[in-house]
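Undergrad: Got a file for you: coords33.cif, mmCIF, C-alpha atoms.
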data_target
loop_
_atom_site.label_atom_id
_atom_site.label_comp_id
_atom_site.auth_asym_id
_atom_site.auth_seq_id
_atom_site.Cartn_x
_atom_site.Cartn_y
_atom_site.Cartn_z
CA MET T 1 -119.89 60.39 70.79
CA ASN T 2 -122.32 58.95 68.18
CA LYS T 3 -119.59 59.09 65.51
CA TRP T 4 -117.24 57.18 67.81
CA VAL T 5 -119.80 54.43 68.44
CA LYS T 6 -120.57 54.26 64.74
CA GLY T 7 -116.87 53.86 63.97
CA ILE T 8 -116.55 50.97 66.41
CA ALA T 9 -119.58 49.27 64.88
CA ILE T 10 -118.18 49.54 61.35
CA THR T 11 -114.80 48.20 62.46
CA ALA T 12 -116.41 45.27 64.24
CA LEU T 13 -118.52 44.44 61.17
CA SER T 14 -115.45 44.55 58.92
CA LEU T 15 -113.51 42.20 61.19
CA SER T 16 -116.46 39.79 61.28
CA LEU T 17 -116.75 39.74 57.49
CA ALA T 18 -113.00 39.24 57.13
CA ALA T 19 -113.12 36.29 59.50
CA CYS T 20 -115.97 34.71 57.52
CA GLY T 21 -114.08 35.29 54.30
CA ALA T 22 -110.96 33.63 55.69
CA LYS T 23 -112.99 30.59 56.75
CA ASN T 24 -114.56 30.16 53.29
CA GLU T 25 -111.26 30.56 51.46
CA SER T 26 -109.63 27.79 53.52
CA ASN T 27 -112.47 25.34 52.71
CA THR T 28 -110.87 24.10 49.45
CA PRO T 29 -111.57 20.76 47.68
CA ALA T 30 -108.25 19.46 49.03
CA ASP T 31 -109.35 20.27 52.58
CA ASN T 32 -112.69 18.57 51.97
CA ALA T 33 -110.92 15.46 50.72
CA ALA T 34 -108.59 15.48 53.70
CA SER T 35 -111.48 15.80 56.12
CA ASN T 36 -113.25 12.84 54.51
CA THR T 37 -111.01 10.34 56.26
CA GLY T 38 -113.31 7.42 55.40
CA GLY T 39 -113.15 7.95 51.62
CA SER T 40 -112.02 5.15 49.32
CA GLY T 41 -110.02 3.61 52.11
CA SER T 42 -113.15 2.56 54.04
CA GLU T 43 -115.50 1.87 51.14
CA PRO T 44 -115.34 -1.49 49.27
CA VAL T 45 -113.78 -1.32 45.81
CA THR T 46 -115.81 -3.11 43.14
CA LEU T 47 -113.93 -5.21 40.58
CA THR T 48 -115.88 -6.55 37.59
CA VAL T 49 -114.09 -9.52 36.06
CA GLY T 50 -115.08 -11.31 32.86
CA ALA T 51 -114.69 -15.09 32.87
CA SER T 52 -115.68 -18.33 31.18
CA PRO T 53 -118.30 -20.12 33.30
CA VAL T 54 -116.19 -23.23 33.97
CA PRO T 55 -113.76 -23.30 35.66
CA HIS T 56 -112.85 -19.60 35.71
CA ALA T 57 -116.08 -18.18 37.15
CA GLU T 58 -116.24 -21.06 39.63
CA ILE T 59 -112.74 -20.25 40.89
CA LEU T 60 -113.54 -16.54 41.13
CA ASN T 61 -116.79 -17.16 43.00
CA HIS T 62 -114.87 -19.36 45.43
CA ILE T 63 -112.74 -16.39 46.55
CA LYS T 64 -115.51 -13.77 46.70
CA ASP T 65 -115.92 -13.92 50.47
CA GLN T 66 -112.18 -13.79 51.05
CA LEU T 67 -111.86 -10.66 48.91
CA ALA T 68 -114.88 -9.04 50.56
CA LYS T 69 -113.02 -9.22 53.88
CA GLU T 70 -110.17 -7.33 52.20
CA GLY T 71 -112.46 -4.57 50.90
CA VAL T 72 -112.91 -5.87 47.35
CA ASN T 73 -116.43 -6.48 46.04
CA LEU T 74 -115.87 -9.01 43.25
CA VAL T 75 -118.47 -9.08 40.46
CA VAL T 76 -118.10 -11.99 38.06
CA LYS T 77 -119.49 -11.51 34.55
CA GLU T 78 -119.71 -14.76 32.59
CA PHE T 79 -118.99 -15.07 28.87
CA THR T 80 -119.41 -18.07 26.58
CA ASP T 81 -117.08 -16.78 23.88
CA TYR T 82 -113.40 -15.84 23.65
CA VAL T 83 -113.87 -12.42 22.02
CA GLN T 84 -116.02 -10.18 24.21
CA PRO T 85 -114.00 -10.50 27.44
CA ASN T 86 -111.04 -8.75 25.78
CA VAL T 87 -113.21 -6.25 23.92
CA GLN T 88 -114.97 -5.19 27.11
CA LEU T 89 -111.77 -5.09 29.15
CA TYR T 90 -110.12 -2.84 26.58
CA GLU T 91 -113.22 -0.60 26.50
CA LYS T 92 -113.16 -0.42 30.34
CA GLN T 93 -116.48 -2.19 30.77
CA LEU T 94 -114.49 -4.76 32.76
CA ASP T 95 -111.64 -4.31 35.22
CA ALA T 96 -110.00 -7.63 34.38
CA ASN T 97 -110.68 -10.97 32.72
CA PHE T 98 -109.79 -14.57 33.38
CA PHE T 99 -110.26 -17.07 30.56
CA GLN T 100 -107.20 -17.14 28.26
CA HIS T 101 -103.54 -18.10 27.95
CA VAL T 102 -100.61 -15.92 26.89
CA PRO T 103 -100.43 -17.01 23.20
CA TYR T 104 -104.11 -16.13 22.75
CA LEU T 105 -103.69 -12.79 24.52
CA ASP T 106 -100.66 -11.95 22.38
CA ASP T 107 -102.59 -12.79 19.21
CA GLN T 108 -105.59 -10.69 20.26
CA ASN T 109 -103.39 -7.72 21.17
CA LYS T 110 -101.73 -7.95 17.77
CA GLN T 111 -104.91 -8.46 15.74
CA ALA T 112 -107.10 -5.90 17.52
CA GLY T 113 -104.50 -3.35 18.58
CA TYR T 114 -105.08 -3.91 22.30
CA ASP T 115 -102.46 -3.39 25.01
CA LEU T 116 -103.89 -5.79 27.57
CA VAL T 117 -101.41 -7.31 30.00
CA LYS T 118 -100.90 -10.51 31.97
CA VAL T 119 -101.08 -10.15 35.76
CA ASN T 120 -100.30 -13.73 36.83
CA ASN T 121 -100.70 -17.44 36.03
CA VAL T 122 -103.53 -19.36 37.67
CA HIS T 123 -104.07 -22.83 36.19
CA VAL T 124 -103.49 -25.07 33.18
CA GLU T 125 -106.33 -26.72 31.27
CA PRO T 126 -104.87 -29.57 29.20
CA MET T 127 -106.62 -29.67 25.82
CA GLY T 128 -108.08 -33.06 24.88
CA ALA T 129 -109.45 -35.03 21.92
CA TYR T 130 -112.94 -36.49 22.33
CA SER T 131 -115.24 -38.73 20.33
CA SER T 132 -118.74 -40.15 20.69
CA SER T 133 -118.18 -42.83 18.05
CA ILE T 134 -114.80 -44.41 18.86
CA LYS T 135 -113.11 -45.53 22.07
CA SER T 136 -109.51 -45.43 20.86
CA VAL T 137 -107.53 -43.34 18.41
CA ASP T 138 -106.62 -46.59 16.65
CA GLU T 139 -110.26 -46.85 15.54
CA LEU T 140 -110.10 -43.55 13.64
CA LYS T 141 -110.89 -44.43 10.03
CA ASP T 142 -109.35 -43.15 6.84
CA GLY T 143 -111.07 -39.90 5.80
CA ALA T 144 -112.41 -39.23 9.29
CA THR T 145 -113.59 -35.71 10.16
CA VAL T 146 -111.77 -33.87 12.94
CA ALA T 147 -113.08 -30.64 14.46
CA ILE T 148 -110.66 -28.09 15.93
CA PRO T 149 -111.02 -24.53 17.27
CA ASN T 150 -111.02 -21.83 14.62
CA ASP T 151 -109.11 -19.19 16.59
CA ALA T 152 -105.45 -18.85 15.74
CA THR T 153 -103.69 -20.07 18.87
CA ASN T 154 -106.10 -22.80 19.98
CA GLY T 155 -106.32 -24.12 16.43
CA GLY T 156 -102.54 -24.41 16.32
CA ARG T 157 -102.49 -25.96 19.76
CA ALA T 158 -105.02 -28.61 18.60
CA LEU T 159 -102.91 -29.45 15.56
CA LEU T 160 -99.82 -29.81 17.74
CA LEU T 161 -101.74 -32.23 19.95
CA LEU T 162 -102.77 -34.29 16.91
CA ALA T 163 -99.16 -34.28 15.69
CA ASP T 164 -97.87 -35.35 19.11
CA ASN T 165 -100.20 -38.34 18.90
CA GLY T 166 -99.04 -39.40 15.43
CA LEU T 167 -102.11 -38.44 13.41
CA ILE T 168 -100.44 -35.73 11.31
CA LYS T 169 -97.06 -34.10 10.78
CA LEU T 170 -96.47 -30.35 10.68
CA LYS T 171 -93.82 -28.10 9.21
CA ASP T 172 -90.82 -27.77 11.49
CA GLY T 173 -90.95 -24.85 13.85
CA VAL T 174 -94.53 -23.69 13.21
CA GLY T 175 -95.47 -24.17 16.86
CA VAL T 176 -98.75 -22.75 18.11
CA ALA T 177 -99.09 -20.67 14.93
CA ALA T 178 -99.74 -23.84 12.93
CA THR T 179 -102.72 -24.00 10.56
CA VAL T 180 -104.10 -26.85 8.45
CA LYS T 181 -101.96 -25.47 5.61
CA ASP T 182 -98.88 -26.42 7.64
CA ILE T 183 -99.76 -30.13 7.61
CA THR T 184 -97.04 -31.97 5.71
CA GLU T 185 -98.26 -35.53 6.28
CA ASN T 186 -101.81 -36.78 6.76
CA THR T 187 -101.71 -40.55 6.30
CA LYS T 188 -105.33 -41.04 7.38
CA ASN T 189 -106.55 -38.31 5.02
CA LEU T 190 -108.27 -36.58 7.90
CA LYS T 191 -110.73 -33.83 7.02
CA PHE T 192 -110.66 -30.79 9.27
CA LYS T 193 -113.56 -28.62 10.40
CA GLU T 194 -112.52 -25.35 12.03
CA LEU T 195 -115.30 -24.19 14.36
CA GLU T 196 -115.78 -21.72 17.19
CA ALA T 197 -114.31 -23.31 20.31
CA ALA T 198 -117.53 -23.06 22.31
CA THR T 199 -119.48 -25.10 19.74
CA LEU T 200 -117.13 -28.10 19.65
CA PRO T 201 -118.83 -30.21 22.36
CA ARG T 202 -122.14 -29.79 20.53
CA VAL T 203 -120.81 -31.27 17.27
CA LEU T 204 -119.36 -34.45 18.75
CA GLY T 205 -122.18 -36.47 17.19
CA GLU T 206 -121.43 -34.99 13.76
CA VAL T 207 -117.67 -35.58 13.59
CA ASP T 208 -115.35 -38.47 14.34
CA LEU T 209 -113.06 -36.53 16.65
CA ALA T 210 -113.06 -33.08 18.23
CA VAL T 211 -110.20 -31.33 20.00
CA ILE T 212 -111.82 -29.33 22.80
CA ASN T 213 -110.61 -26.78 25.32
CA THR T 214 -111.06 -28.15 28.84
CA ASN T 215 -113.33 -25.33 30.00
CA TYR T 216 -115.85 -26.17 27.27
CA ALA T 217 -115.43 -29.90 27.87
CA LEU T 218 -116.27 -29.44 31.56
CA GLU T 219 -119.30 -27.30 30.71
CA ALA T 220 -120.53 -30.19 28.54
CA ASP T 221 -120.04 -32.66 31.43
CA LEU T 222 -117.06 -34.29 29.77
CA ASN T 223 -114.37 -35.47 32.15
CA PRO T 224 -111.00 -34.73 30.51
CA THR T 225 -109.11 -37.35 32.50
CA ALA T 226 -111.71 -40.06 31.83
CA ASP T 227 -113.36 -39.18 28.52
CA ALA T 228 -110.54 -37.79 26.39
CA LEU T 229 -108.91 -40.25 23.98
CA PHE T 230 -105.69 -38.31 24.49
CA ILE T 231 -104.81 -35.09 26.25
CA GLU T 232 -101.98 -32.60 26.61
CA SER T 233 -99.42 -33.33 29.29
CA LYS T 234 -99.76 -31.50 32.58
CA ASP T 235 -96.65 -29.46 31.82
CA SER T 236 -98.52 -27.67 29.01
CA PRO T 237 -97.21 -24.10 28.60
CA TYR T 238 -100.72 -22.71 28.11
CA ALA T 239 -101.41 -21.46 31.62
CA ASN T 240 -104.66 -19.54 32.01
CA ILE T 241 -103.98 -16.05 33.28
CA LEU T 242 -105.54 -13.06 34.99
CA VAL T 243 -105.48 -10.13 32.53
CA ALA T 244 -105.86 -6.39 33.14
CA ARG T 245 -104.95 -3.08 31.48
CA PRO T 246 -101.71 -1.11 31.89
CA ASP T 247 -103.64 1.59 33.77
CA ASN T 248 -104.97 -0.72 36.49
CA LYS T 249 -102.78 -3.83 36.65
CA ASP T 250 -100.82 -2.50 39.64
CA SER T 251 -103.86 -1.23 41.55
CA GLU T 252 -104.33 -2.50 45.08
CA ALA T 253 -107.61 -4.25 44.21
CA ILE T 254 -106.19 -6.10 41.18
CA GLN T 255 -103.17 -7.17 43.20
CA LYS T 256 -105.43 -8.49 45.98
CA LEU T 257 -107.33 -10.50 43.35
CA ALA T 258 -104.08 -11.84 41.88
CA LYS T 259 -102.83 -12.87 45.32
CA ALA T 260 -106.12 -14.61 46.13
CA LEU T 261 -106.00 -16.55 42.83
CA ASN T 262 -102.53 -17.82 43.76
CA SER T 263 -103.43 -18.76 47.32
CA ASP T 264 -103.16 -22.17 48.96
CA GLU T 265 -106.96 -22.13 49.25
CA VAL T 266 -107.39 -21.85 45.48
CA LYS T 267 -104.77 -24.55 44.86
CA LYS T 268 -106.69 -26.88 47.17
CA PHE T 269 -110.01 -25.97 45.51
CA ILE T 270 -108.65 -26.71 42.01
CA GLU T 271 -107.08 -30.01 43.01
CA GLU T 272 -110.12 -31.27 44.92
CA LYS T 273 -112.85 -30.08 42.55
CA TYR T 274 -111.30 -30.85 39.16
CA LYS T 275 -109.27 -33.92 40.11
CA GLY T 276 -106.47 -33.46 37.58
CA ALA T 277 -108.57 -32.12 34.71
CA ILE T 278 -107.23 -28.69 35.69
CA VAL T 279 -103.93 -28.18 37.49
CA PRO T 280 -102.59 -25.14 39.38
CA ALA T 281 -99.93 -23.15 37.52
CA PHE T 282 -98.41 -21.44 40.56
#
Can the structure from this file be put into C-alpha coordinates for me?
TA:
Amino acid sequence: MNKWVKGIAITALSLSLAACGAKNESNTPADNAASNTGGSGSEPVTLTVGASPVPHAEILNHIKDQLAKEGVNLVVKEFTDYVQPNVQLYEKQLDANFFQHVPYLDDQNKQAGYDLVKVNNVHVEPMGAYSSSIKSVDELKDGATVAIPNDATNGGRALLLLADNGLIKLKDGVGVAATVKDITENTKNLKFKELEAATLPRVLGEVDLAVINTNYALEADLNPTADALFIESKDSPYANILVARPDNKDSEAIQKLAKALNSDEVKKFIEEKYKGAIVPAF
(Lines of atoms letter the chains of each structure in order from A and count residues from 1; the text may use other names and numbers.)
(Lines give C-alpha, C1' and ligand atoms only; values in the text may rest on other atoms or scores of the structure.)
Protein backbone atom coordinates (compact mmCIF):
# COMPACT_ATOMS: atom_id res chain seq x y z
CA MET A 1 0.00 0.00 0.00
CA ASN A 2 2.79 2.48 0.91
CA LYS A 3 4.64 1.65 -2.33
CA TRP A 4 1.47 2.33 -4.31
CA VAL A 5 0.97 5.73 -2.69
CA LYS A 6 4.62 6.55 -3.20
CA GLY A 7 4.32 5.68 -6.89
CA ILE A 8 1.33 7.98 -7.32
CA ALA A 9 3.20 10.81 -5.61
CA ILE A 10 6.24 10.43 -7.88
CA THR A 11 4.04 10.33 -10.99
CA ALA A 12 2.17 13.45 -9.91
CA LEU A 13 5.44 15.29 -9.23
CA SER A 14 6.80 14.32 -12.66
CA LEU A 15 3.67 15.55 -14.43
CA SER A 16 3.85 18.84 -12.51
CA LEU A 17 7.49 19.40 -13.44
CA ALA A 18 6.77 18.54 -17.08
CA ALA A 19 3.95 21.07 -17.16
CA CYS A 20 6.23 23.77 -15.72
CA GLY A 21 8.91 22.89 -18.23
CA ALA A 22 6.45 23.15 -21.12
CA LYS A 23 5.34 26.60 -19.93
CA ASN A 24 8.92 27.92 -19.73
CA GLU A 25 9.88 26.55 -23.13
CA SER A 26 6.95 28.32 -24.81
CA ASN A 27 7.93 31.70 -23.30
CA THR A 28 10.35 32.61 -26.13
CA PRO A 29 11.51 36.14 -27.11
CA ALA A 30 9.11 36.01 -30.07
CA ASP A 31 6.22 35.28 -27.72
CA ASN A 32 7.29 38.13 -25.46
CA ALA A 33 7.38 40.51 -28.41
CA ALA A 34 3.97 39.33 -29.56
CA SER A 35 2.49 39.83 -26.11
CA ASN A 36 3.86 43.38 -25.96
CA THR A 37 1.11 44.70 -28.20
CA GLY A 38 1.91 48.33 -27.33
CA GLY A 39 5.55 48.17 -28.49
CA SER A 40 6.85 50.60 -31.09
CA GLY A 41 3.39 51.01 -32.50
CA SER A 42 2.15 52.92 -29.42
CA GLU A 43 5.34 54.71 -28.43
CA PRO A 44 6.37 57.96 -30.22
CA VAL A 45 9.28 57.60 -32.64
CA THR A 46 11.96 60.27 -32.21
CA LEU A 47 13.46 61.80 -35.35
CA THR A 48 16.50 64.06 -34.96
CA VAL A 49 16.87 66.33 -37.97
CA GLY A 50 19.78 68.68 -38.65
CA ALA A 51 18.90 72.05 -40.18
CA SER A 52 20.07 75.58 -40.84
CA PRO A 53 18.37 77.96 -38.39
CA VAL A 54 16.56 80.02 -41.05
CA PRO A 55 14.32 79.03 -42.73
CA HIS A 56 14.81 75.27 -42.36
CA ALA A 57 14.57 74.96 -38.57
CA GLU A 58 11.67 77.43 -38.56
CA ILE A 59 9.76 75.28 -41.05
CA LEU A 60 10.50 72.11 -39.09
CA ASN A 61 9.43 73.66 -35.79
CA HIS A 62 6.19 74.75 -37.44
CA ILE A 63 5.20 71.11 -38.08
CA LYS A 64 6.31 69.66 -34.72
CA ASP A 65 2.83 69.56 -33.23
CA GLN A 66 1.35 68.03 -36.36
CA LEU A 67 3.93 65.24 -36.33
CA ALA A 68 3.48 64.65 -32.60
CA LYS A 69 -0.16 63.80 -33.29
CA GLU A 70 1.09 61.19 -35.77
CA GLY A 71 3.47 59.60 -33.25
CA VAL A 72 6.66 61.34 -34.37
CA ASN A 73 8.68 63.32 -31.81
CA LEU A 74 10.65 65.75 -33.98
CA VAL A 75 13.93 67.04 -32.54
CA VAL A 76 15.50 69.86 -34.54
CA LYS A 77 19.27 70.28 -34.23
CA GLU A 78 20.51 73.58 -35.66
CA PHE A 79 23.78 73.99 -37.57
CA THR A 80 25.43 77.17 -38.85
CA ASP A 81 27.64 75.41 -41.37
CA TYR A 82 27.12 73.24 -44.45
CA VAL A 83 29.48 70.41 -43.45
CA GLN A 84 28.43 68.88 -40.14
CA PRO A 85 24.79 68.11 -41.06
CA ASN A 86 25.96 65.60 -43.67
CA VAL A 87 28.79 64.26 -41.53
CA GLN A 88 26.45 63.58 -38.62
CA LEU A 89 23.72 62.12 -40.82
CA TYR A 90 26.19 59.70 -42.39
CA GLU A 91 27.52 58.75 -38.94
CA LYS A 92 23.92 58.16 -37.74
CA GLN A 93 23.99 60.96 -35.17
CA LEU A 94 21.07 62.41 -37.15
CA ASP A 95 18.12 60.71 -38.80
CA ALA A 96 17.81 63.28 -41.57
CA ASN A 97 18.85 66.80 -42.53
CA PHE A 98 17.26 69.74 -44.25
CA PHE A 99 19.53 72.53 -45.50
CA GLN A 100 20.90 71.72 -48.98
CA HIS A 101 20.06 71.32 -52.66
CA VAL A 102 20.77 68.36 -54.93
CA PRO A 103 23.97 69.69 -56.59
CA TYR A 104 25.53 70.26 -53.15
CA LEU A 105 24.44 66.82 -51.93
CA ASP A 106 25.86 65.17 -55.05
CA ASP A 107 29.17 66.98 -54.57
CA GLN A 108 29.38 66.01 -50.89
CA ASN A 109 28.57 62.37 -51.65
CA LYS A 110 31.31 62.34 -54.27
CA GLN A 111 33.94 64.17 -52.21
CA ALA A 112 33.35 62.40 -48.89
CA GLY A 113 32.20 58.99 -50.09
CA TYR A 114 28.73 59.32 -48.59
CA ASP A 115 25.61 57.61 -49.93
CA LEU A 116 23.05 60.08 -48.60
CA VAL A 117 19.81 60.34 -50.55
CA LYS A 118 17.15 62.92 -51.39
CA VAL A 119 13.70 62.25 -49.94
CA ASN A 120 11.75 65.18 -51.43
CA ASN A 121 11.84 68.85 -52.48
CA VAL A 122 10.62 71.48 -50.03
CA HIS A 123 11.44 75.03 -51.10
CA VAL A 124 13.67 77.23 -53.26
CA GLU A 125 15.86 79.97 -51.82
CA PRO A 126 16.85 82.30 -54.68
CA MET A 127 20.48 83.38 -54.19
CA GLY A 128 21.03 87.15 -54.24
CA ALA A 129 23.77 89.78 -54.55
CA TYR A 130 23.98 92.35 -51.76
CA SER A 131 25.99 95.46 -51.02
CA SER A 132 26.25 98.01 -48.21
CA SER A 133 28.05 100.57 -50.38
CA ILE A 134 26.09 100.72 -53.65
CA LYS A 135 22.40 100.82 -54.52
CA SER A 136 22.64 99.56 -58.09
CA VAL A 137 24.87 97.16 -59.98
CA ASP A 138 25.64 100.02 -62.36
CA GLU A 139 27.56 101.69 -59.52
CA LEU A 140 29.99 98.78 -59.23
CA LYS A 141 33.43 100.26 -59.92
CA ASP A 142 36.31 98.85 -61.89
CA GLY A 143 38.41 96.57 -59.66
CA ALA A 144 35.59 96.06 -57.15
CA THR A 145 35.80 93.14 -54.72
CA VAL A 146 33.09 90.49 -54.90
CA ALA A 147 32.66 87.80 -52.24
CA ILE A 148 31.17 84.42 -53.16
CA PRO A 149 30.73 81.10 -51.30
CA ASN A 150 33.80 78.88 -51.28
CA ASP A 151 31.99 75.54 -51.55
CA ALA A 152 31.92 73.99 -54.99
CA THR A 153 28.27 74.16 -55.97
CA ASN A 154 27.27 77.44 -54.32
CA GLY A 155 30.41 79.12 -55.65
CA GLY A 156 29.49 78.04 -59.16
CA ARG A 157 25.91 79.09 -58.62
CA ALA A 158 27.10 82.58 -57.54
CA LEU A 159 29.26 82.91 -60.65
CA LEU A 160 26.33 81.91 -62.85
CA LEU A 161 24.24 84.61 -61.21
CA LEU A 162 26.95 87.21 -61.87
CA ALA A 163 27.18 86.03 -65.49
CA ASP A 164 23.40 86.19 -65.91
CA ASN A 165 23.58 89.83 -64.83
CA GLY A 166 26.33 90.76 -67.29
CA LEU A 167 29.22 91.19 -64.86
CA ILE A 168 31.34 88.30 -66.16
CA LYS A 169 31.31 85.61 -68.84
CA LEU A 170 32.03 81.94 -68.22
CA LYS A 171 33.21 79.05 -70.36
CA ASP A 172 30.36 77.43 -72.23
CA GLY A 173 28.76 74.51 -70.46
CA VAL A 174 30.52 74.80 -67.08
CA GLY A 175 27.22 75.20 -65.26
CA VAL A 176 27.17 74.94 -61.48
CA ALA A 177 30.69 73.47 -61.51
CA ALA A 178 32.09 76.85 -62.55
CA THR A 179 35.05 78.33 -60.67
CA VAL A 180 36.81 81.68 -60.98
CA LYS A 181 39.23 79.93 -63.36
CA ASP A 182 36.33 79.48 -65.78
CA ILE A 183 35.81 83.24 -66.16
CA THR A 184 36.53 84.17 -69.78
CA GLU A 185 35.57 87.84 -69.62
CA ASN A 186 35.77 90.24 -66.68
CA THR A 187 35.40 93.74 -68.09
CA LYS A 188 35.21 95.39 -64.66
CA ASN A 189 38.31 93.55 -63.45
CA LEU A 190 36.39 92.27 -60.47
CA LYS A 191 38.42 90.69 -57.68
CA PHE A 192 36.91 87.62 -56.08
CA LYS A 193 37.03 86.53 -52.45
CA GLU A 194 35.90 82.95 -51.84
CA LEU A 195 34.65 82.64 -48.27
CA GLU A 196 32.61 80.22 -46.17
CA ALA A 197 28.96 80.84 -47.02
CA ALA A 198 27.95 81.56 -43.43
CA THR A 199 30.44 84.43 -43.12
CA LEU A 200 29.32 86.37 -46.19
CA PRO A 201 26.75 88.66 -44.49
CA ARG A 202 29.41 89.65 -41.96
CA VAL A 203 31.84 90.89 -44.63
CA LEU A 204 29.42 93.15 -46.47
CA GLY A 205 31.20 96.21 -45.07
CA GLU A 206 34.55 94.92 -46.34
CA VAL A 207 33.63 94.13 -49.95
CA ASP A 208 31.73 95.90 -52.71
CA LEU A 209 29.36 93.02 -53.43
CA ALA A 210 28.59 89.66 -51.85
CA VAL A 211 26.54 86.82 -53.32
CA ILE A 212 24.73 85.27 -50.36
CA ASN A 213 22.56 82.20 -49.87
CA THR A 214 19.07 83.26 -48.80
CA ASN A 215 19.14 81.34 -45.50
CA TYR A 216 22.19 83.32 -44.36
CA ALA A 217 20.74 86.56 -45.73
CA LEU A 218 17.57 86.05 -43.68
CA GLU A 219 19.59 85.25 -40.55
CA ALA A 220 21.36 88.60 -41.03
CA ASP A 221 17.99 90.41 -41.35
CA LEU A 222 18.46 91.02 -45.05
CA ASN A 223 15.28 90.89 -47.09
CA PRO A 224 16.12 89.17 -50.39
CA THR A 225 13.21 90.70 -52.29
CA ALA A 226 13.95 94.22 -51.02
CA ASP A 227 17.68 94.34 -50.29
CA ALA A 228 19.26 92.27 -53.04
CA LEU A 229 20.61 94.21 -56.04
CA PHE A 230 19.70 91.19 -58.15
CA ILE A 231 18.48 87.71 -57.39
CA GLU A 232 17.93 84.34 -59.03
CA SER A 233 14.60 83.82 -60.72
CA LYS A 234 11.96 81.90 -58.81
CA ASP A 235 12.30 78.96 -61.19
CA SER A 236 15.80 78.27 -59.84
CA PRO A 237 16.59 74.53 -60.02
CA TYR A 238 18.23 74.57 -56.59
CA ALA A 239 15.36 73.29 -54.48
CA ASN A 240 16.22 72.64 -50.84
CA ILE A 241 15.56 69.03 -49.96
CA LEU A 242 14.97 66.64 -47.08
CA VAL A 243 17.88 64.16 -46.98
CA ALA A 244 18.17 60.77 -45.29
CA ARG A 245 20.19 57.54 -45.58
CA PRO A 246 19.38 54.51 -47.74
CA ASP A 247 18.66 52.50 -44.58
CA ASN A 248 15.95 54.84 -43.26
CA LYS A 249 14.60 56.92 -46.15
CA ASP A 250 11.55 54.66 -46.55
CA SER A 251 10.79 54.38 -42.84
CA GLU A 252 7.31 55.36 -41.71
CA ALA A 253 8.61 58.26 -39.60
CA ILE A 254 10.72 59.77 -42.39
CA GLN A 255 7.82 59.47 -44.81
CA LYS A 256 5.51 61.21 -42.32
CA LEU A 257 8.06 64.04 -42.07
CA ALA A 258 8.34 64.26 -45.86
CA LYS A 259 4.56 64.40 -46.24
CA ALA A 260 4.28 67.12 -43.59
CA LEU A 261 6.96 69.22 -45.33
CA ASN A 262 4.93 69.05 -48.55
CA SER A 263 1.61 69.87 -46.93
CA ASP A 264 -0.72 72.76 -47.72
CA GLU A 265 -0.02 74.06 -44.22
CA VAL A 266 3.72 74.36 -44.92
CA LYS A 267 3.08 75.98 -48.31
CA LYS A 268 0.91 78.58 -46.60
CA PHE A 269 3.51 79.12 -43.85
CA ILE A 270 6.31 79.68 -46.39
CA GLU A 271 4.28 82.06 -48.52
CA GLU A 272 3.00 84.13 -45.61
CA LYS A 273 6.18 84.26 -43.52
CA TYR A 274 8.83 84.77 -46.20
CA LYS A 275 6.78 86.78 -48.69
CA GLY A 276 8.54 85.61 -51.85
CA ALA A 277 12.07 85.43 -50.44
CA ILE A 278 11.50 81.66 -50.27
CA VAL A 279 9.08 79.81 -52.50
CA PRO A 280 7.57 76.31 -52.16
CA ALA A 281 9.06 73.71 -54.50
CA PHE A 282 6.15 71.25 -54.38
Undergrad: So that I can see what lies close to range 158-174 of chain T, please list as a list in words the residues with an atom at most 7 Å from it, counting all atoms listed in the file and leaving out residues fewer than 6 positions away in the same chain.
TA: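 Surrounding residues, per the criterion: Ile148, Asp182, Ile183, Thr184, Glu185, Asn186, Val211 and Glu232 of chain T.
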Undergrad: Pick from T:Ile212, T:Ala152, T:Ala112, T:Ala244: nearest to Lys92 in chain T, with only C-alpha atoms counted?
TA: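 Comparing T:Ile212, T:Ala152, T:Ala112, T:Ala244 against Lys92 in chain T, the winner is T:Ala244.
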Undergrad: Which residue gives the smallest distance to Glu206 in chain T among T:Leu47, T:Leu67, T:Val83, T:Ala144, with all atoms listed in the file counted?
TA: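 Looking only at the distances to Glu206 in chain T, the closest residue turns out to be T:Ala144.
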Undergrad: Can you list what the PyMOL selection byres ((chain T and resi 216) around 10) grabs from this structure, as a ChimeraX atom specification?
TA: /T:52-55,80,127,197-202,212-215,217-222
Undergrad: Kindly give the distance, in Å, that separates CA of Val87 in chain T and CA of Leu204 in chain T, rounded to a single decimal.
TA: 29.3 Å
Undergrad: Around the point (-102.5, -42.3, 27.1) (coordinates from the file), which residues reach within 12 Å if we count all atoms listed in the file? Answer as JSON, numbers by chain.
TA: {"T": [128, 129, 136, 137, 164, 165, 224, 225, 226, 227, 228, 229, 230, 231, 232, 233]}
Undergrad: Taking into account only C-alpha atoms, which residue in the set T:Tyr82, T:Val207, T:Tyr238, T:Ala260 is nearest to Ile134 in chain T?
TA: T:Val207
Undergrad: Expressed in Å to a single decimal, how great is the separation between CA of Gly276 in chain T and CA of Asn61 in chain T?
TA: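 Atom-to-atom, CA of Gly276 in chain T to CA of Asn61 in chain T, that is 20.0 Å.
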Undergrad: If we count only C-alpha atoms, what is near Gly205 in chain T at a cut-off of 8 Å, once residues fewer than 2 positions away on the same chain are taken out, given as number ranges by chain?
TA: T: 131-133, 202-203, 207-208
Undergrad: Can you tell me how far CA of Thr153 in chain T sits from CA of Pro103 in chain T, in Å to one decimal?
TA: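 So the two atoms, CA of Thr153 in chain T and CA of Pro103 in chain T, lie 6.2 Å apart.
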Undergrad: List as a list in words the protein and nucleic acid residues near Thr46 in chain T, meaning an atom at most 7 Å away when all atoms listed in the file are counted, but skip any in the same chain fewer than 5 places from it.
TA: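 Within the cut-off, the hits are Val72, Asn73 and Leu74 of chain T.
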Undergrad: Next, dump the selected residues to file, keeping only C-alpha atoms, as a PDB file, in the coordinates of the input.
TA:
ATOM      1  CA  VAL T  72    -112.910  -5.870  47.350  1.00  0.00           C
ATOM      2  CA  ASN T  73    -116.430  -6.480  46.040  1.00  0.00           C
ATOM      3  CA  LEU T  74    -115.870  -9.010  43.250  1.00  0.00           C
TER       4      LEU T  74
END
Undergrad: Using only C-alpha atoms, can you tell me which of T:Asp115, T:Asp142, T:Glu196, T:Asp106 comes closest to Val176 in chain T?
TA: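 The answer is T:Asp106, which sits nearest to Val176 in chain T.
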Undergrad: What do you get, as a PyMOL selection string, if you spell out every residue that the PyMOL selection byres ((chain T and resi 100) around 8) selects here?
TA: chain T and resi 82+98-99+101-102+104-105+239-241
Undergrad: Give the answer as one residue: which of T:Leu190, T:Ile270, T:Leu242, T:Ala258 has the shortest atom-to-atom distance to Gly143 in chain T, using all atoms listed in the file?
TA: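 Once distances to Gly143 in chain T are computed over all atoms listed in the file, the minimum belongs to T:Leu190.
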